[in-house]
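A.B. asks: Take this structure first; my questions come after.
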There are 2 protein chains.
Amino acid sequence: MLIVSTVPELHRALADHRAVGRSVGFVPTMGFLHEGHLSLVRRARQENGAVVVSIFVNPAQFAPTEDLDRYPRDVERDSALCRAEGCDILFVPKPEEMYPDGFSTYVSVEGLSSRLEGTFRPTHFRGVATVVLKLFLLVRPDRAYFGQKDAQQCAVIAAMVRDLAVPVRLVVVPTVRESDGLAMSSRNVYLSPDERKRAPVLYRALSRAAERIAAGERDAARLSAGITAAIMEQSPSAVDYAAVVDPLTLEPVDALAPGSDVLIPVAVRFGTTRLIDNIIVRVP
Amino acid sequence: MLIVSTVPELHRALADHRAVGRSVGFVPTMGFLHEGHLSLVRRARQENGAVVVSIFVNPAQFAPTEDLDRYPRDVERDSALCRAEGCDILFVPKPEEMYPDGFSTYVSVEGLSSRLEGTFRPTHFRGVATVVLKLFLLVRPDRAYFGQKDAQQCAVIAAMVRDLAVPVRLVVVPTVRESDGLAMSSRNVYLSPDERKRAPVLYRALSRAAERIAAGERDAARLSAGITAAIMEQSPSAVDYAAVVDPLTLEPVDALAPGSDVLIPVAVRFGTTRLIDNIIVRVP
């Protein structure tokens, strides 16, 4: 595995794989890798001749009030994990490599970016879309891998790729969970032992909602009220949202239509730690 | 020459050239071609194995109050001209091909886009950057050709290409002028015979400013005042601006530094017709 931090190094490393006709699978991450990330790397490894992982804690997707400075980092451990999974190129750019002096171009996906997470993080998806497009243009992957846990990010990137005709195939990989159901997240390390015990309620509440849909519930308002009530039993600092939306447009669904898919995303705060999770349910 | 209007047709046509290893030169236009456009096509023809011209009157770069509907169009004549210049592929998409239902992704180059033209056309360069990036991603050219007449457009696109690492080489081609100095523009057809007689004052005033710089003038305010005064002699409806700026950042220059290049752009209205022009001068 080659570890590179500059664009010329990345291009040289990629050229060797391109020269022999290998397809490129790309896993963009913010590092502090967990099993969720590794499931993306494994999938990329299965489907491509070469695998590129990037680690970049992207300043543009953090608001000034957010956790950019304390976001967990461990590039040495990440490198060992990537090497063990058969990654070929690990791209670890410095902020000034991605955003040199005078950088002023931003990509916005309107509508999608302002719903759900966007209500609480208004500039977040602009930062995500910008860095992901730049990474796509640097790596020029055949396929790029994202985790379903960040469902809105997946929807924003899919819209960007479709709208701008970005030549890449997106692969969304199911959320990986701890044994008690908590979705893997680099931010889980922020949870106190007590918060960690309460956090699995997100997935329990989502699973219960899926059961209610299977049992015939078709009213989105009752479903989201049920999820909120279940989560409130664990005394979070806040339930930012518990919604039932269209998986592509993220527009709210009122009555669940048989045969359709619905995305049920939640965002919950325990102390200063904000957790998100979601499920996609096919309505019977 | 193949004329195509859809993305799949475009990709099929390009694949034939790519398969035999031809480089691709791309000239994006809004059609109603004049000698300025044709000079771009000729340059692309000289430097590439295959030449693609696009004709697309891009709704996203017109404000609701602007001339989208009456912008001059003549695709038949344009096709004949492109064929005569050795263009290989003419891409003439419909608006719904470029902006299908649900399109919501926009590219903004902050700073550069709000100066000069941006003061009068606040959403213009967002539309330009978005469509040019999409065209670049569709055509994937090795080189793309733009006219110096639209100097701010060149600066915005250069910033976008640099910031997002778009894999294309930009080539800026000198402005082509009528024999009396008027810069070629599809919008010149809007001018009444009387306005047409007065319009060459833009280039006369710019040329006089260049002479004054050659003669030792280093004060930007005096230069732009001189340009404005010269143009006012021809009774335009308005001089929107006459500025002395850095060619890359478009930031105003106060005192002209020996050895530097300055861009001197003007925007002038005759009746409802808005003309722009510029020169780049190396300060002795």
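A note on labels: chains of the structure tokens are A, B, ... as shown, every chain counts residues from 1, and ligands are counted from 1 in their shown order.
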Just need the residues of chain B within 6 Å of chain A, counting only C-alpha atoms, so spit them out as a PyMOL selection string.
C.D. replies: chain B and resi 103-110+134+137+160+163-164+166
A.B. asks: For the structure I just gave you, how does DSSP split stretch 43-259 of chain B - specifically, which residues are helix (DSSP H, G or I)? Reply as a PyMOL selection string.
C.D. replies: chain B and resi 43-47+59-61+75-84+95-98+112-114+117-120+124-139+151-164+186-190+193-198+201-214+220-232
A.B. asks: What does the structure give for the distance between atom CA of A:Val51 and atom CA of A:Ile89, in Å to one decimal?
C.D. replies: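 It comes out at 6.5 Å.
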A.B. asks: Fewer than 5 positions away in the same chain doesn't count, so skip those; otherwise give me all residues within 12 Å of A:Glu85, counting only C-alpha atoms, as a PyMOL selection string.
C.D. replies: chain A and resi 1+33+35+37-46+50-53+78-80+90
A.B. asks: Taking the backbone alone, and naming residues the way the document does, which bits of stretch 112-217 of chain A are strand (DSSP E) by DSSP, as a ChimeraX atom specification?
C.D. replies: /A:143-147,169-173
A.B. asks: Write out as a PDB file with N, CA and C atoms, in the first residue's frame the residues lying within 12 Å of B:Phe270, counting only C-alpha atoms and excluding same-chain residues fewer than 4 positions away.
C.D. replies:
```pdb
ATOM      1  N   ARG B 187     -24.378  39.332 -29.595  1.00  0.00           N
ATOM      2  CA  ARG B 187     -25.335  40.376 -29.224  1.00  0.00           C
ATOM      3  C   ARG B 187     -25.192  41.637 -30.076  1.00  0.00           C
ATOM      4  N   ASN B 188     -24.160  41.724 -30.915  1.00  0.00           N
ATOM      5  CA  ASN B 188     -24.025  42.920 -31.758  1.00  0.00           C
ATOM      6  C   ASN B 188     -25.223  43.102 -32.694  1.00  0.00           C
ATOM      7  N   TYR B 190     -28.176  43.090 -31.936  1.00  0.00           N
ATOM      8  CA  TYR B 190     -29.196  43.911 -31.266  1.00  0.00           C
ATOM      9  C   TYR B 190     -29.020  45.397 -31.559  1.00  0.00           C
ATOM     10  N   LEU B 191     -27.814  45.813 -31.962  1.00  0.00           N
ATOM     11  CA  LEU B 191     -27.525  47.248 -32.096  1.00  0.00           C
ATOM     12  C   LEU B 191     -28.262  47.846 -33.292  1.00  0.00           C
ATOM     13  N   SER B 192     -28.845  49.025 -33.107  1.00  0.00           N
ATOM     14  CA  SER B 192     -29.415  49.772 -34.240  1.00  0.00           C
ATOM     15  C   SER B 192     -28.249  50.280 -35.089  1.00  0.00           C
ATOM     16  N   PRO B 193     -28.512  50.655 -36.338  1.00  0.00           N
ATOM     17  CA  PRO B 193     -27.419  51.161 -37.187  1.00  0.00           C
ATOM     18  C   PRO B 193     -26.672  52.311 -36.510  1.00  0.00           C
ATOM     19  N   ASP B 194     -27.397  53.187 -35.853  1.00  0.00           N
ATOM     20  CA  ASP B 194     -26.737  54.312 -35.192  1.00  0.00           C
ATOM     21  C   ASP B 194     -25.879  53.840 -34.010  1.00  0.00           C
ATOM     22  N   GLU B 195     -26.440  52.933 -33.193  1.00  0.00           N
ATOM     23  CA  GLU B 195     -25.672  52.393 -32.060  1.00  0.00           C
ATOM     24  C   GLU B 195     -24.429  51.645 -32.555  1.00  0.00           C
ATOM     25  N   ARG B 196     -24.605  50.923 -33.671  1.00  0.00           N
ATOM     26  CA  ARG B 196     -23.473  50.173 -34.237  1.00  0.00           C
ATOM     27  C   ARG B 196     -22.323  51.118 -34.593  1.00  0.00           C
ATOM     28  N   LYS B 197     -22.682  52.326 -35.063  1.00  0.00           N
ATOM     29  CA  LYS B 197     -21.638  53.299 -35.420  1.00  0.00           C
ATOM     30  C   LYS B 197     -20.904  53.812 -34.189  1.00  0.00           C
ATOM     31  N   ARG B 198     -21.639  53.897 -33.071  1.00  0.00           N
ATOM     32  CA  ARG B 198     -21.023  54.449 -31.858  1.00  0.00           C
ATOM     33  C   ARG B 198     -20.250  53.391 -31.053  1.00  0.00           C
ATOM     34  N   ALA B 199     -20.612  52.102 -31.244  1.00  0.00           N
ATOM     35  CA  ALA B 199     -20.083  51.021 -30.393  1.00  0.00           C
ATOM     36  C   ALA B 199     -18.557  50.851 -30.452  1.00  0.00           C
ATOM     37  N   PRO B 200     -17.898  51.147 -31.580  1.00  0.00           N
ATOM     38  CA  PRO B 200     -16.430  50.950 -31.592  1.00  0.00           C
ATOM     39  C   PRO B 200     -15.684  51.814 -30.579  1.00  0.00           C
ATOM     40  N   VAL B 201     -16.389  52.756 -29.946  1.00  0.00           N
ATOM     41  CA  VAL B 201     -15.722  53.595 -28.949  1.00  0.00           C
ATOM     42  C   VAL B 201     -15.154  52.760 -27.791  1.00  0.00           C
ATOM     43  N   LEU B 202     -15.758  51.596 -27.513  1.00  0.00           N
ATOM     44  CA  LEU B 202     -15.228  50.772 -26.406  1.00  0.00           C
ATOM     45  C   LEU B 202     -13.752  50.457 -26.661  1.00  0.00           C
ATOM     46  N   ILE B 231     -15.852  57.142 -23.659  1.00  0.00           N
ATOM     47  CA  ILE B 231     -17.064  56.416 -24.062  1.00  0.00           C
ATOM     48  C   ILE B 231     -18.289  57.329 -23.960  1.00  0.00           C
ATOM     49  N   MET B 232     -18.320  58.171 -22.935  1.00  0.00           N
ATOM     50  CA  MET B 232     -19.470  59.073 -22.733  1.00  0.00           C
ATOM     51  C   MET B 232     -19.653  60.017 -23.925  1.00  0.00           C
ATOM     52  N   GLN B 234     -19.803  59.246 -26.815  1.00  0.00           N
ATOM     53  CA  GLN B 234     -20.694  58.594 -27.791  1.00  0.00           C
ATOM     54  C   GLN B 234     -22.099  58.363 -27.211  1.00  0.00           C
ATOM     55  N   SER B 235     -22.400  59.071 -26.113  1.00  0.00           N
ATOM     56  CA  SER B 235     -23.736  59.045 -25.516  1.00  0.00           C
ATOM     57  C   SER B 235     -24.330  57.643 -25.345  1.00  0.00           C
ATOM     58  N   PRO B 236     -23.641  56.774 -24.599  1.00  0.00           N
ATOM     59  CA  PRO B 236     -24.259  55.471 -24.314  1.00  0.00           C
ATOM     60  C   PRO B 236     -25.378  55.661 -23.290  1.00  0.00           C
ATOM     61  N   SER B 237     -26.208  54.636 -23.105  1.00  0.00           N
ATOM     62  CA  SER B 237     -27.228  54.707 -22.043  1.00  0.00           C
ATOM     63  C   SER B 237     -26.566  54.645 -20.681  1.00  0.00           C
ATOM     64  N   ALA B 238     -25.477  53.878 -20.592  1.00  0.00           N
ATOM     65  CA  ALA B 238     -24.739  53.798 -19.327  1.00  0.00           C
ATOM     66  C   ALA B 238     -23.372  53.190 -19.557  1.00  0.00           C
ATOM     67  N   VAL B 239     -22.414  53.645 -18.757  1.00  0.00           N
ATOM     68  CA  VAL B 239     -21.143  52.917 -18.647  1.00  0.00           C
ATOM     69  C   VAL B 239     -21.231  52.166 -17.319  1.00  0.00           C
ATOM     70  N   ASP B 240     -21.464  50.854 -17.387  1.00  0.00           N
ATOM     71  CA  ASP B 240     -21.641  50.088 -16.137  1.00  0.00           C
ATOM     72  C   ASP B 240     -20.335  50.062 -15.348  1.00  0.00           C
ATOM     73  N   ARG B 274     -26.234  45.481 -24.094  1.00  0.00           N
ATOM     74  CA  ARG B 274     -25.111  45.617 -23.190  1.00  0.00           C
ATOM     75  C   ARG B 274     -23.886  44.999 -23.855  1.00  0.00           C
ATOM     76  N   LEU B 275     -22.848  45.795 -24.012  1.00  0.00           N
ATOM     77  CA  LEU B 275     -21.617  45.322 -24.658  1.00  0.00           C
ATOM     78  C   LEU B 275     -20.505  45.257 -23.623  1.00  0.00           C
ATOM     79  N   ILE B 276     -19.659  44.227 -23.730  1.00  0.00           N
ATOM     80  CA  ILE B 276     -18.458  44.181 -22.893  1.00  0.00           C
ATOM     81  C   ILE B 276     -17.235  44.045 -23.792  1.00  0.00           C
TER      82      ILE B 276
END
```
A.B. asks: Excluding stretch 61-69 of chain B and any residue of its chain fewer than 2 positions from it, enumerate the residues within 8 Å of it, using only C-alpha atoms, and give them as a list in words.
C.D. replies: Val57, Asn58, Pro59, Tyr71, Arg121, Thr123, His124, Phe125, Arg126, Gly127 and Val128 of chain B
A.B. asks: One number please: atom CA of B:Pro93 to atom CA of B:Pro141, in Å, one decimal.
C.D. replies: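 Pair atom CA of B:Pro93 / atom CA of B:Pro141 returns 17.1 Å.
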A.B. asks: Taking only C-alpha atoms into account, name the residue in B:Arg143, B:Lys149, B:Lys94, B:Val168 that is nearest to B:Leu182.
C.D. replies: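 Answer, going by the shortest atom-to-atom distance: B:Lys149.
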A.B. asks: Name all residues at most 10 Å from stretch 221-225 of chain B (count only C-alpha atoms; drop same-chain ones fewer than 6 positions away) and give them as a ChimeraX atom specification.
C.D. replies: /B:205-206,208-210,212-213,231,241-244,252-255,264-266
A.B. asks: Could those selected residues go to a file with N, CA and C atoms, as a compact mmCIF listing (two decimals), in the first residue's frame?
C.D. replies:
```txt
# COMPACT_ATOMS: atom_id res chain seq x y z
N ALA B 205 -11.41 53.52 -26.76
CA ALA B 205 -11.08 54.01 -25.42
C ALA B 205 -10.08 53.08 -24.72
N LEU B 206 -10.26 51.77 -24.90
CA LEU B 206 -9.31 50.82 -24.30
C LEU B 206 -7.93 50.99 -24.92
N ARG B 208 -6.67 53.64 -26.28
CA ARG B 208 -6.07 54.88 -25.81
C ARG B 208 -5.50 54.69 -24.40
N ALA B 209 -6.21 53.94 -23.56
CA ALA B 209 -5.69 53.66 -22.21
C ALA B 209 -4.37 52.89 -22.29
N ALA B 210 -4.30 51.94 -23.22
CA ALA B 210 -3.05 51.17 -23.39
C ALA B 210 -1.92 52.11 -23.80
N ARG B 212 -1.71 55.28 -23.08
CA ARG B 212 -1.34 56.11 -21.93
C ARG B 212 -0.46 55.32 -20.95
N ILE B 213 -0.74 54.03 -20.79
CA ILE B 213 0.12 53.20 -19.93
C ILE B 213 1.52 53.11 -20.54
N ILE B 231 -15.85 57.14 -23.66
CA ILE B 231 -17.06 56.42 -24.06
C ILE B 231 -18.29 57.33 -23.96
N TYR B 241 -19.22 49.87 -16.04
CA TYR B 241 -17.92 49.99 -15.37
C TYR B 241 -16.82 50.14 -16.41
N ALA B 242 -15.74 50.73 -15.97
CA ALA B 242 -14.48 50.77 -16.72
C ALA B 242 -13.43 50.67 -15.63
N ALA B 243 -12.77 49.51 -15.55
CA ALA B 243 -11.96 49.21 -14.36
C ALA B 243 -10.55 48.79 -14.76
N VAL B 244 -9.66 48.85 -13.78
CA VAL B 244 -8.30 48.34 -13.96
C VAL B 244 -8.11 47.31 -12.84
N PRO B 252 -9.36 45.17 -7.82
CA PRO B 252 -8.96 46.47 -8.36
C PRO B 252 -7.48 46.74 -8.12
N VAL B 253 -6.85 47.34 -9.10
CA VAL B 253 -5.47 47.78 -8.99
C VAL B 253 -5.50 49.29 -8.78
N ASP B 254 -4.72 49.81 -7.86
CA ASP B 254 -4.66 51.27 -7.68
C ASP B 254 -3.53 51.87 -8.51
N ALA B 255 -2.31 51.43 -8.18
CA ALA B 255 -1.14 51.92 -8.92
C ALA B 255 -0.61 50.77 -9.75
N ILE B 264 -8.17 45.44 -18.26
CA ILE B 264 -9.01 46.64 -18.27
C ILE B 264 -10.32 46.28 -18.95
N PRO B 265 -11.34 45.96 -18.15
CA PRO B 265 -12.62 45.56 -18.71
C PRO B 265 -13.61 46.73 -18.69
N VAL B 266 -14.48 46.76 -19.70
CA VAL B 266 -15.55 47.76 -19.73
C VAL B 266 -16.87 47.08 -20.04
```
A.B. asks: Quick one: everything within 9 Å of stretch 16-19 of chain B, counting only C-alpha atoms, minus sequence neighbours fewer than 5 positions away in the same chain. Send it as a VMD selection string.
C.D. replies: chain B and resid 11 24 49 to 50
A.B. asks: Using only C-alpha atoms, please write the residues we just selected to a file, as a compact mmCIF listing (two decimals), in the first residue's frame.
C.D. replies:
```txt
# COMPACT_ATOMS: atom_id res chain seq x y z
CA HIS B 11 -20.76 9.52 -25.56
CA VAL B 24 -10.35 16.04 -27.71
CA GLY B 49 -7.29 14.86 -32.90
CA ALA B 50 -11.01 15.48 -32.47
```
A.B. asks: Using atom CA of A:Ser186 and atom CA of A:Gly31 as the two end points, give the distance in Å to one decimal.
C.D. replies: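 Computed distance, atom CA of A:Ser186 to atom CA of A:Gly31, equals 8.0 Å.
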